[in-house]
file structure_14.txt (compact mmCIF, N, CA and C atoms)
# COMPACT_ATOMS: atom_id res chain seq x y z
N MET A 260 16.69 28.71 13.43
CA MET A 260 15.79 28.61 12.30
C MET A 260 14.94 27.35 12.51
N LYS A 261 13.62 27.47 12.36
CA LYS A 261 12.71 26.34 12.54
C LYS A 261 12.50 25.67 11.19
N ILE A 262 12.82 24.36 11.14
CA ILE A 262 12.73 23.59 9.89
C ILE A 262 11.95 22.31 10.14
N LEU A 263 11.63 21.62 9.07
CA LEU A 263 10.98 20.33 9.14
C LEU A 263 11.94 19.31 8.54
N VAL A 264 12.38 18.35 9.35
CA VAL A 264 13.33 17.33 8.90
C VAL A 264 12.55 16.09 8.50
N VAL A 265 12.92 15.53 7.33
CA VAL A 265 12.23 14.36 6.81
C VAL A 265 13.27 13.26 6.57
N GLU A 266 13.21 12.24 7.43
CA GLU A 266 14.12 11.10 7.31
C GLU A 266 13.40 9.93 6.65
N PRO A 267 14.13 9.06 5.95
CA PRO A 267 13.49 7.91 5.32
C PRO A 267 12.75 7.05 6.35
N MET A 268 11.54 6.66 6.01
CA MET A 268 10.72 5.74 6.80
C MET A 268 10.34 6.27 8.19
N LYS A 269 10.38 7.59 8.38
CA LYS A 269 10.00 8.19 9.66
C LYS A 269 9.06 9.36 9.40
N PRO A 270 8.21 9.69 10.39
CA PRO A 270 7.39 10.89 10.23
C PRO A 270 8.27 12.15 10.29
N CYS A 271 7.75 13.25 9.79
CA CYS A 271 8.48 14.52 9.80
C CYS A 271 8.71 14.99 11.23
N GLU A 272 9.80 15.74 11.42
CA GLU A 272 10.15 16.23 12.76
C GLU A 272 10.52 17.71 12.68
N ILE A 273 9.91 18.51 13.53
CA ILE A 273 10.23 19.94 13.61
C ILE A 273 11.51 20.08 14.43
N ARG A 274 12.47 20.87 13.92
CA ARG A 274 13.73 21.11 14.64
C ARG A 274 14.10 22.57 14.55
N GLU A 275 14.82 23.03 15.55
CA GLU A 275 15.44 24.36 15.53
C GLU A 275 16.92 24.14 15.29
N ILE A 276 17.48 24.79 14.26
CA ILE A 276 18.91 24.66 13.96
C ILE A 276 19.51 26.05 13.79
N PRO A 277 20.83 26.16 13.99
CA PRO A 277 21.48 27.44 13.67
C PRO A 277 21.44 27.68 12.16
N ASP A 278 21.39 28.91 11.76
CA ASP A 278 21.37 29.27 10.35
C ASP A 278 22.79 29.25 9.79
N THR A 279 23.39 28.06 9.76
CA THR A 279 24.76 27.92 9.26
C THR A 279 24.82 26.79 8.23
N LEU A 280 25.72 26.91 7.29
CA LEU A 280 25.92 25.89 6.28
C LEU A 280 26.31 24.57 6.93
N ASP A 281 27.14 24.63 7.96
CA ASP A 281 27.58 23.41 8.64
C ASP A 281 26.40 22.66 9.24
N ALA A 282 25.49 23.36 9.89
CA ALA A 282 24.31 22.72 10.49
C ALA A 282 23.45 22.06 9.42
N MET A 283 23.31 22.73 8.28
CA MET A 283 22.51 22.18 7.19
C MET A 283 23.16 20.94 6.59
N ARG A 284 24.46 21.00 6.39
CA ARG A 284 25.20 19.85 5.85
C ARG A 284 25.12 18.65 6.79
N GLN A 285 25.14 18.93 8.07
CA GLN A 285 25.08 17.85 9.05
C GLN A 285 23.76 17.08 8.94
N ILE A 286 22.68 17.78 8.70
CA ILE A 286 21.37 17.12 8.59
C ILE A 286 21.30 16.23 7.36
N VAL A 287 21.75 16.74 6.20
CA VAL A 287 21.62 15.98 4.95
C VAL A 287 22.81 15.04 4.71
N GLY A 288 23.85 15.17 5.49
CA GLY A 288 24.99 14.28 5.36
C GLY A 288 25.93 14.61 4.22
N GLY A 289 26.05 15.87 3.88
CA GLY A 289 26.97 16.26 2.80
C GLY A 289 26.60 17.60 2.21
N ASP A 290 27.02 17.79 0.95
CA ASP A 290 26.75 19.05 0.25
C ASP A 290 25.24 19.24 0.06
N ILE A 291 24.79 20.47 0.22
CA ILE A 291 23.36 20.72 0.10
C ILE A 291 22.97 21.17 -1.30
N GLU A 292 21.74 20.84 -1.65
CA GLU A 292 21.12 21.30 -2.90
C GLU A 292 19.69 21.67 -2.53
N ALA A 293 19.20 22.79 -3.04
CA ALA A 293 17.86 23.25 -2.69
C ALA A 293 16.96 23.28 -3.91
N VAL A 294 15.72 22.84 -3.70
CA VAL A 294 14.66 22.94 -4.70
C VAL A 294 13.65 23.90 -4.11
N THR A 295 13.49 25.06 -4.73
CA THR A 295 12.66 26.10 -4.13
C THR A 295 11.25 26.13 -4.72
N SER A 296 10.33 26.60 -3.89
CA SER A 296 8.95 26.81 -4.31
C SER A 296 8.64 28.29 -4.10
N ILE A 297 8.55 29.04 -5.17
CA ILE A 297 8.23 30.45 -5.07
C ILE A 297 6.81 30.62 -4.54
N ARG A 298 5.91 29.77 -5.03
CA ARG A 298 4.51 29.84 -4.62
C ARG A 298 4.34 29.69 -3.11
N TYR A 299 5.11 28.79 -2.50
CA TYR A 299 4.97 28.52 -1.06
C TYR A 299 6.11 29.10 -0.24
N ALA A 300 6.97 29.90 -0.83
CA ALA A 300 8.09 30.56 -0.16
C ALA A 300 8.86 29.59 0.73
N SER A 301 9.27 28.46 0.12
CA SER A 301 9.97 27.43 0.87
C SER A 301 10.99 26.73 -0.02
N ALA A 302 11.81 25.89 0.61
CA ALA A 302 12.81 25.13 -0.13
C ALA A 302 12.97 23.75 0.49
N ILE A 303 13.09 22.76 -0.36
CA ILE A 303 13.47 21.42 0.08
C ILE A 303 14.98 21.36 -0.07
N VAL A 304 15.67 21.07 1.01
CA VAL A 304 17.14 21.05 1.02
C VAL A 304 17.58 19.61 1.24
N CYS A 305 18.32 19.07 0.27
CA CYS A 305 18.74 17.68 0.32
C CYS A 305 20.24 17.55 0.04
N ASN A 306 20.74 16.33 0.14
CA ASN A 306 22.13 16.05 -0.21
C ASN A 306 22.22 16.09 -1.73
N GLY A 307 23.05 16.97 -2.26
CA GLY A 307 23.20 17.13 -3.69
C GLY A 307 23.69 15.90 -4.42
N ASN A 308 24.31 14.97 -3.68
CA ASN A 308 24.83 13.73 -4.28
C ASN A 308 24.09 12.50 -3.78
N GLY A 309 22.88 12.70 -3.28
CA GLY A 309 22.13 11.59 -2.67
C GLY A 309 21.96 10.38 -3.56
N LYS A 310 21.66 10.59 -4.83
CA LYS A 310 21.49 9.47 -5.75
C LYS A 310 22.83 8.79 -6.02
N LEU A 311 23.87 9.60 -6.29
CA LEU A 311 25.19 9.03 -6.58
C LEU A 311 25.75 8.25 -5.40
N LEU A 312 25.43 8.71 -4.18
CA LEU A 312 25.91 8.02 -2.97
C LEU A 312 25.02 6.83 -2.60
N ASP A 313 23.97 6.61 -3.39
CA ASP A 313 23.03 5.52 -3.16
C ASP A 313 22.39 5.62 -1.77
N LEU A 314 22.05 6.86 -1.36
CA LEU A 314 21.35 7.04 -0.10
C LEU A 314 19.96 6.42 -0.22
N PRO A 315 19.36 6.01 0.89
CA PRO A 315 18.06 5.35 0.80
C PRO A 315 16.98 6.26 0.21
N TYR A 316 16.04 5.63 -0.50
CA TYR A 316 14.88 6.38 -1.00
C TYR A 316 14.16 7.00 0.18
N ASN A 317 13.61 8.19 -0.03
CA ASN A 317 12.90 8.85 1.05
C ASN A 317 11.47 9.16 0.64
N ARG A 318 11.25 10.28 -0.03
CA ARG A 318 9.91 10.70 -0.41
C ARG A 318 9.93 11.17 -1.87
N PRO A 319 8.75 11.20 -2.49
CA PRO A 319 8.70 11.77 -3.84
C PRO A 319 8.82 13.28 -3.78
N LEU A 320 9.50 13.85 -4.75
CA LEU A 320 9.53 15.30 -4.93
C LEU A 320 8.31 15.60 -5.79
N LEU A 321 7.34 16.32 -5.21
CA LEU A 321 6.08 16.56 -5.89
C LEU A 321 6.05 17.93 -6.55
N ASP A 322 5.22 18.07 -7.57
CA ASP A 322 5.06 19.35 -8.23
C ASP A 322 4.30 20.32 -7.31
N GLU A 323 4.10 21.54 -7.75
CA GLU A 323 3.45 22.58 -6.93
C GLU A 323 2.05 22.18 -6.48
N SER A 324 1.36 21.33 -7.26
CA SER A 324 0.02 20.91 -6.88
C SER A 324 0.05 19.86 -5.77
N GLY A 325 1.22 19.23 -5.57
CA GLY A 325 1.34 18.17 -4.57
C GLY A 325 0.81 16.84 -5.06
N LEU A 326 0.55 16.73 -6.36
CA LEU A 326 -0.03 15.51 -6.91
C LEU A 326 0.92 14.73 -7.81
N LEU A 327 1.70 15.42 -8.60
CA LEU A 327 2.54 14.77 -9.61
C LEU A 327 3.96 14.58 -9.10
N PRO A 328 4.43 13.33 -9.00
CA PRO A 328 5.83 13.12 -8.59
C PRO A 328 6.78 13.50 -9.71
N LEU A 329 7.79 14.31 -9.38
CA LEU A 329 8.78 14.75 -10.35
C LEU A 329 10.06 13.91 -10.26
N ASP A 330 10.35 13.42 -9.06
CA ASP A 330 11.59 12.68 -8.80
C ASP A 330 11.44 12.01 -7.44
N ILE A 331 12.46 11.26 -7.05
CA ILE A 331 12.50 10.66 -5.72
C ILE A 331 13.66 11.29 -4.96
N LEU A 332 13.40 11.77 -3.75
CA LEU A 332 14.45 12.33 -2.91
C LEU A 332 15.15 11.19 -2.18
N HIS A 333 16.47 11.25 -2.11
CA HIS A 333 17.27 10.22 -1.46
C HIS A 333 17.88 10.78 -0.18
N GLY A 334 17.88 9.99 0.89
CA GLY A 334 18.49 10.40 2.15
C GLY A 334 17.62 11.42 2.88
N THR A 335 18.12 11.84 4.02
CA THR A 335 17.42 12.83 4.84
C THR A 335 17.44 14.18 4.17
N PHE A 336 16.31 14.88 4.19
CA PHE A 336 16.23 16.25 3.69
C PHE A 336 15.47 17.08 4.70
N PHE A 337 15.51 18.40 4.51
CA PHE A 337 14.70 19.26 5.36
C PHE A 337 14.03 20.33 4.52
N ILE A 338 13.01 20.92 5.10
CA ILE A 338 12.27 21.99 4.43
C ILE A 338 12.42 23.24 5.27
N ALA A 339 12.78 24.33 4.61
CA ALA A 339 12.95 25.63 5.27
C ALA A 339 12.12 26.66 4.52
N GLY A 340 11.84 27.75 5.19
CA GLY A 340 11.18 28.87 4.53
C GLY A 340 12.20 29.63 3.69
N MET A 341 11.72 30.46 2.79
CA MET A 341 12.59 31.28 1.94
C MET A 341 12.18 32.73 2.04
N SER A 342 13.19 33.60 2.12
CA SER A 342 12.97 35.04 2.05
C SER A 342 14.03 35.56 1.08
N GLY A 343 13.61 35.85 -0.15
CA GLY A 343 14.59 36.20 -1.18
C GLY A 343 15.43 34.98 -1.48
N GLU A 344 16.74 35.12 -1.28
CA GLU A 344 17.66 34.00 -1.51
C GLU A 344 18.13 33.36 -0.21
N HIS A 345 17.48 33.68 0.90
CA HIS A 345 17.93 33.19 2.21
C HIS A 345 16.92 32.22 2.81
N PHE A 346 17.46 31.20 3.48
CA PHE A 346 16.61 30.27 4.23
C PHE A 346 16.17 30.97 5.51
N VAL A 347 14.91 30.75 5.88
CA VAL A 347 14.35 31.32 7.11
C VAL A 347 13.48 30.25 7.78
N SER A 348 13.02 30.56 8.98
CA SER A 348 12.13 29.64 9.70
C SER A 348 10.83 29.44 8.93
N LEU A 349 10.31 28.24 9.03
CA LEU A 349 8.99 27.95 8.47
C LEU A 349 7.91 28.57 9.35
N THR A 350 6.83 28.99 8.75
CA THR A 350 5.67 29.44 9.51
C THR A 350 4.89 28.20 9.97
N ASP A 351 3.99 28.38 10.92
CA ASP A 351 3.16 27.27 11.38
C ASP A 351 2.33 26.70 10.22
N GLU A 352 1.85 27.57 9.34
CA GLU A 352 1.06 27.11 8.19
C GLU A 352 1.91 26.27 7.24
N GLN A 353 3.17 26.69 7.00
CA GLN A 353 4.06 25.91 6.13
C GLN A 353 4.36 24.55 6.76
N ILE A 354 4.62 24.54 8.06
CA ILE A 354 4.90 23.27 8.74
C ILE A 354 3.72 22.33 8.56
N GLN A 355 2.51 22.82 8.79
CA GLN A 355 1.33 21.96 8.66
C GLN A 355 1.15 21.47 7.24
N ARG A 356 1.40 22.34 6.26
CA ARG A 356 1.26 21.94 4.85
C ARG A 356 2.21 20.79 4.52
N TYR A 357 3.47 20.93 4.92
CA TYR A 357 4.45 19.90 4.57
C TYR A 357 4.30 18.64 5.42
N LYS A 358 3.85 18.77 6.65
CA LYS A 358 3.56 17.56 7.45
C LYS A 358 2.42 16.79 6.80
N ASP A 359 1.38 17.51 6.38
CA ASP A 359 0.26 16.86 5.70
C ASP A 359 0.73 16.18 4.42
N LEU A 360 1.65 16.80 3.72
CA LEU A 360 2.13 16.29 2.44
C LEU A 360 3.06 15.09 2.61
N TYR A 361 3.96 15.14 3.59
CA TYR A 361 5.02 14.14 3.68
C TYR A 361 4.93 13.14 4.83
N ASP A 362 4.12 13.39 5.85
CA ASP A 362 4.07 12.44 6.96
C ASP A 362 3.57 11.06 6.54
N ASN A 363 2.64 11.01 5.63
CA ASN A 363 2.02 9.73 5.27
C ASN A 363 2.39 9.23 3.89
N VAL A 364 3.37 9.87 3.25
CA VAL A 364 3.80 9.45 1.92
C VAL A 364 5.25 9.02 2.02
N MET A 365 5.48 7.73 1.86
CA MET A 365 6.85 7.22 1.94
C MET A 365 7.11 6.35 0.72
N VAL A 366 8.36 6.30 0.33
CA VAL A 366 8.76 5.46 -0.78
C VAL A 366 9.23 4.14 -0.19
N LEU A 367 8.55 3.09 -0.54
CA LEU A 367 8.92 1.76 -0.06
C LEU A 367 9.65 1.03 -1.17
N THR A 368 10.66 0.30 -0.81
CA THR A 368 11.40 -0.46 -1.81
C THR A 368 11.29 -1.94 -1.47
N ALA A 369 11.38 -2.74 -2.48
CA ALA A 369 11.33 -4.19 -2.29
C ALA A 369 12.27 -4.83 -3.30
N GLU A 370 12.82 -5.95 -2.90
CA GLU A 370 13.68 -6.67 -3.83
C GLU A 370 12.81 -7.35 -4.86
N VAL A 371 13.25 -7.32 -6.09
CA VAL A 371 12.52 -7.95 -7.17
C VAL A 371 13.33 -9.16 -7.61
N SER A 372 12.66 -10.30 -7.71
CA SER A 372 13.40 -11.48 -8.15
C SER A 372 13.69 -11.40 -9.64
N ALA A 373 14.73 -12.06 -10.04
CA ALA A 373 15.17 -12.03 -11.44
C ALA A 373 14.10 -12.65 -12.33
N PRO A 374 13.97 -12.14 -13.56
CA PRO A 374 13.01 -12.75 -14.50
C PRO A 374 13.33 -14.23 -14.69
N GLN A 375 12.32 -15.00 -15.05
CA GLN A 375 12.44 -16.45 -15.16
C GLN A 375 13.63 -16.88 -16.02
N GLU A 376 13.85 -16.21 -17.17
CA GLU A 376 14.93 -16.64 -18.07
C GLU A 376 16.33 -16.34 -17.51
N ASP A 377 16.43 -15.45 -16.51
CA ASP A 377 17.73 -15.15 -15.93
C ASP A 377 18.09 -16.08 -14.77
N ARG A 378 17.13 -16.84 -14.31
CA ARG A 378 17.38 -17.75 -13.20
C ARG A 378 18.12 -18.98 -13.70
N PRO A 379 19.00 -19.53 -12.87
CA PRO A 379 19.68 -20.76 -13.29
C PRO A 379 18.67 -21.90 -13.41
N HIS A 380 18.84 -22.70 -14.45
CA HIS A 380 17.92 -23.82 -14.67
C HIS A 380 18.43 -25.05 -13.95
N LYS A 381 17.50 -25.76 -13.36
CA LYS A 381 17.88 -27.04 -12.74
C LYS A 381 17.95 -28.08 -13.85
N LYS A 382 18.96 -28.91 -13.76
CA LYS A 382 19.09 -29.98 -14.75
C LYS A 382 18.07 -31.06 -14.45
N LYS A 383 17.42 -31.51 -15.49
CA LYS A 383 16.46 -32.60 -15.33
C LYS A 383 17.24 -33.90 -15.28
N LYS A 384 16.73 -34.78 -14.44
CA LYS A 384 17.36 -36.10 -14.35
C LYS A 384 17.02 -36.88 -15.62
N ALA A 385 18.01 -37.54 -16.11
CA ALA A 385 17.80 -38.36 -17.33
C ALA A 385 16.97 -39.58 -16.96
N ALA A 386 16.12 -39.94 -17.87
CA ALA A 386 15.30 -41.15 -17.66
C ALA A 386 16.21 -42.37 -17.76
N PRO A 387 15.96 -43.35 -16.93
CA PRO A 387 16.82 -44.55 -16.99
C PRO A 387 16.70 -45.23 -18.36
N GLU A 388 17.82 -45.76 -18.84
CA GLU A 388 17.82 -46.44 -20.13
C GLU A 388 17.14 -47.78 -20.02
N ARG A 389 16.49 -48.23 -21.12
CA ARG A 389 15.83 -49.52 -21.12
C ARG A 389 16.46 -50.44 -22.09
call {"tool": "encode", "arguments": {"input": "structure_14.txt", "output": "structure tokens"}}
result
Amino acid sequence: MKILVVEPMKPCEIREIPDTLDAMRQIVGGDIEAVTSIRYASAIVCNGNGKLLDLPYNRPLLDESGLLPLDILHGTFFIAGMSGEHFVSLTDEQIQRYKDLYDNVMVLTAEVSAPQEDRPHKKKKAAPER
């Protein structure tokens, strides 16, 4: 089955995998969960516990228009075609659509410093007595 694998902070990669649950679990690192698109006959398959396992941020999950972010996908995920309730190989057109959508969109994270009032205060030196 021809799929598109999307790893955090990397461009998308086309892979051929066996059509087995084990192969799919191996890519996402655990139990799979699929978000399907009837309009595009495809599915985003991710680790069902990605957020709970604190997997790294990956890409935004976008609405059908590709403009509105619905959620953030965590950890490695892949995109497969759909035929009824079964995963199938992606077409060349589907691969190009998702590469265009996800190759250049990444979720970047940065550490945020604590608000000023949460920071420890330095003690001021007392003025010498006169």
call {"tool": "residues_around", "arguments": {"input": "structure_14.txt", "residues": "range 322-335 of chain A", "least_positions_apart": "6", "cutoff": "6.5 Å", "atoms": "all atoms listed in the file", "output": "short mmCIF file (atom, residue, chain, number, x, y, z; two decimals) with N, CA and C atoms, in the frame of the given file"}}
result
data_model
loop_
_atom_site.label_atom_id
_atom_site.label_comp_id
_atom_site.auth_asym_id
_atom_site.auth_seq_id
_atom_site.Cartn_x
_atom_site.Cartn_y
_atom_site.Cartn_z
N VAL A 265 12.92 15.53 7.33
CA VAL A 265 12.23 14.36 6.81
C VAL A 265 13.27 13.26 6.57
N GLU A 266 13.21 12.24 7.43
CA GLU A 266 14.12 11.10 7.31
C GLU A 266 13.40 9.93 6.65
N PRO A 267 14.13 9.06 5.95
CA PRO A 267 13.49 7.91 5.32
C PRO A 267 12.75 7.05 6.35
N ILE A 286 22.68 17.78 8.70
CA ILE A 286 21.37 17.12 8.59
C ILE A 286 21.30 16.23 7.36
N VAL A 287 21.75 16.74 6.20
CA VAL A 287 21.62 15.98 4.95
C VAL A 287 22.81 15.04 4.71
N VAL A 304 15.67 21.07 1.01
CA VAL A 304 17.14 21.05 1.02
C VAL A 304 17.58 19.61 1.24
N CYS A 305 18.32 19.07 0.27
CA CYS A 305 18.74 17.68 0.32
C CYS A 305 20.24 17.55 0.04
N ASN A 306 20.74 16.33 0.14
CA ASN A 306 22.13 16.05 -0.21
C ASN A 306 22.22 16.09 -1.73
N GLY A 309 22.88 12.70 -3.28
CA GLY A 309 22.13 11.59 -2.67
C GLY A 309 21.96 10.38 -3.56
N LYS A 310 21.66 10.59 -4.83
CA LYS A 310 21.49 9.47 -5.75
C LYS A 310 22.83 8.79 -6.02
N LEU A 314 22.05 6.86 -1.36
CA LEU A 314 21.35 7.04 -0.10
C LEU A 314 19.96 6.42 -0.22
N PRO A 315 19.36 6.01 0.89
CA PRO A 315 18.06 5.35 0.80
C PRO A 315 16.98 6.26 0.21
N TYR A 316 16.04 5.63 -0.50
CA TYR A 316 14.88 6.38 -1.00
C TYR A 316 14.16 7.00 0.18
#
call {"tool": "atom_distance", "arguments": {"input": "structure_14.txt", "atom1": "atom N of Ile338 in chain A", "atom2": "CA of Ile354 in chain A"}}
result
9.2 Å
call {"tool": "select_by_dssp", "arguments": {"input": "structure_14.txt", "residues": "chain A", "states": "alpha helix (DSSP H)", "output": "PDB file with N, CA and C atoms, in the frame of the given file"}}
result
ATOM      1  N   LEU A 280      25.720  26.910   7.290  1.00  0.00           N
ATOM      2  CA  LEU A 280      25.920  25.890   6.280  1.00  0.00           C
ATOM      3  C   LEU A 280      26.310  24.570   6.930  1.00  0.00           C
ATOM      4  N   ASP A 281      27.140  24.630   7.960  1.00  0.00           N
ATOM      5  CA  ASP A 281      27.580  23.410   8.640  1.00  0.00           C
ATOM      6  C   ASP A 281      26.400  22.660   9.240  1.00  0.00           C
ATOM      7  N   ALA A 282      25.490  23.360   9.890  1.00  0.00           N
ATOM      8  CA  ALA A 282      24.310  22.720  10.490  1.00  0.00           C
ATOM      9  C   ALA A 282      23.450  22.060   9.420  1.00  0.00           C
ATOM     10  N   MET A 283      23.310  22.730   8.280  1.00  0.00           N
ATOM     11  CA  MET A 283      22.510  22.180   7.190  1.00  0.00           C
ATOM     12  C   MET A 283      23.160  20.940   6.590  1.00  0.00           C
ATOM     13  N   ARG A 284      24.460  21.000   6.390  1.00  0.00           N
ATOM     14  CA  ARG A 284      25.200  19.850   5.850  1.00  0.00           C
ATOM     15  C   ARG A 284      25.120  18.650   6.790  1.00  0.00           C
ATOM     16  N   GLN A 285      25.140  18.930   8.070  1.00  0.00           N
ATOM     17  CA  GLN A 285      25.080  17.850   9.050  1.00  0.00           C
ATOM     18  C   GLN A 285      23.760  17.080   8.940  1.00  0.00           C
ATOM     19  N   ILE A 286      22.680  17.780   8.700  1.00  0.00           N
ATOM     20  CA  ILE A 286      21.370  17.120   8.590  1.00  0.00           C
ATOM     21  C   ILE A 286      21.300  16.230   7.360  1.00  0.00           C
ATOM     22  N   VAL A 287      21.750  16.740   6.200  1.00  0.00           N
ATOM     23  CA  VAL A 287      21.620  15.980   4.950  1.00  0.00           C
ATOM     24  C   VAL A 287      22.810  15.040   4.710  1.00  0.00           C
ATOM     25  N   ASP A 351       3.990  28.380  10.920  1.00  0.00           N
ATOM     26  CA  ASP A 351       3.160  27.270  11.380  1.00  0.00           C
ATOM     27  C   ASP A 351       2.330  26.700  10.220  1.00  0.00           C
ATOM     28  N   GLU A 352       1.850  27.570   9.340  1.00  0.00           N
ATOM     29  CA  GLU A 352       1.060  27.110   8.190  1.00  0.00           C
ATOM     30  C   GLU A 352       1.910  26.270   7.240  1.00  0.00           C
ATOM     31  N   GLN A 353       3.170  26.690   7.000  1.00  0.00           N
ATOM     32  CA  GLN A 353       4.060  25.910   6.130  1.00  0.00           C
ATOM     33  C   GLN A 353       4.360  24.550   6.760  1.00  0.00           C
ATOM     34  N   ILE A 354       4.620  24.540   8.060  1.00  0.00           N
ATOM     35  CA  ILE A 354       4.900  23.270   8.740  1.00  0.00           C
ATOM     36  C   ILE A 354       3.720  22.330   8.560  1.00  0.00           C
ATOM     37  N   GLN A 355       2.510  22.820   8.790  1.00  0.00           N
ATOM     38  CA  GLN A 355       1.330  21.960   8.660  1.00  0.00           C
ATOM     39  C   GLN A 355       1.150  21.470   7.240  1.00  0.00           C
ATOM     40  N   ARG A 356       1.400  22.340   6.260  1.00  0.00           N
ATOM     41  CA  ARG A 356       1.260  21.940   4.850  1.00  0.00           C
ATOM     42  C   ARG A 356       2.210  20.790   4.520  1.00  0.00           C
ATOM     43  N   TYR A 357       3.470  20.930   4.920  1.00  0.00           N
ATOM     44  CA  TYR A 357       4.450  19.900   4.570  1.00  0.00           C
ATOM     45  C   TYR A 357       4.300  18.640   5.420  1.00  0.00           C
ATOM     46  N   LYS A 358       3.850  18.770   6.650  1.00  0.00           N
ATOM     47  CA  LYS A 358       3.560  17.560   7.450  1.00  0.00           C
ATOM     48  C   LYS A 358       2.420  16.790   6.800  1.00  0.00           C
ATOM     49  N   ASP A 359       1.380  17.510   6.380  1.00  0.00           N
ATOM     50  CA  ASP A 359       0.260  16.860   5.700  1.00  0.00           C
ATOM     51  C   ASP A 359       0.730  16.180   4.420  1.00  0.00           C
ATOM     52  N   LEU A 360       1.650  16.800   3.720  1.00  0.00           N
ATOM     53  CA  LEU A 360       2.130  16.290   2.440  1.00  0.00           C
ATOM     54  C   LEU A 360       3.060  15.090   2.610  1.00  0.00           C
ATOM     55  N   TYR A 361       3.960  15.140   3.590  1.00  0.00           N
ATOM     56  CA  TYR A 361       5.020  14.140   3.680  1.00  0.00           C
ATOM     57  C   TYR A 361       4.930  13.140   4.830  1.00  0.00           C
TER      58      TYR A 361
END
call {"tool": "select_by_dssp", "arguments": {"input": "structure_14.txt", "residues": "chain A", "states": "strand (DSSP E or B)", "output": "VMD selection string"}}
result
chain A and resid 261 to 265 272 to 275 291 to 296 301 to 306 316 to 321 328 to 333 336 to 342 345 to 347
call {"tool": "atom_distance", "arguments": {"input": "structure_14.txt", "atom1": "CA of Gly340 in chain A", "atom2": "atom N of Ser301 in chain A"}}
result
4.8 Å
call {"tool": "closest_residue", "arguments": {"input": "structure_14.txt", "among": "A:Leu312, A:Ile291, A:Cys271, A:Leu349", "to": "Asn363 in chain A", "atoms": "all atoms listed in the file"}}
result
A:Cys271
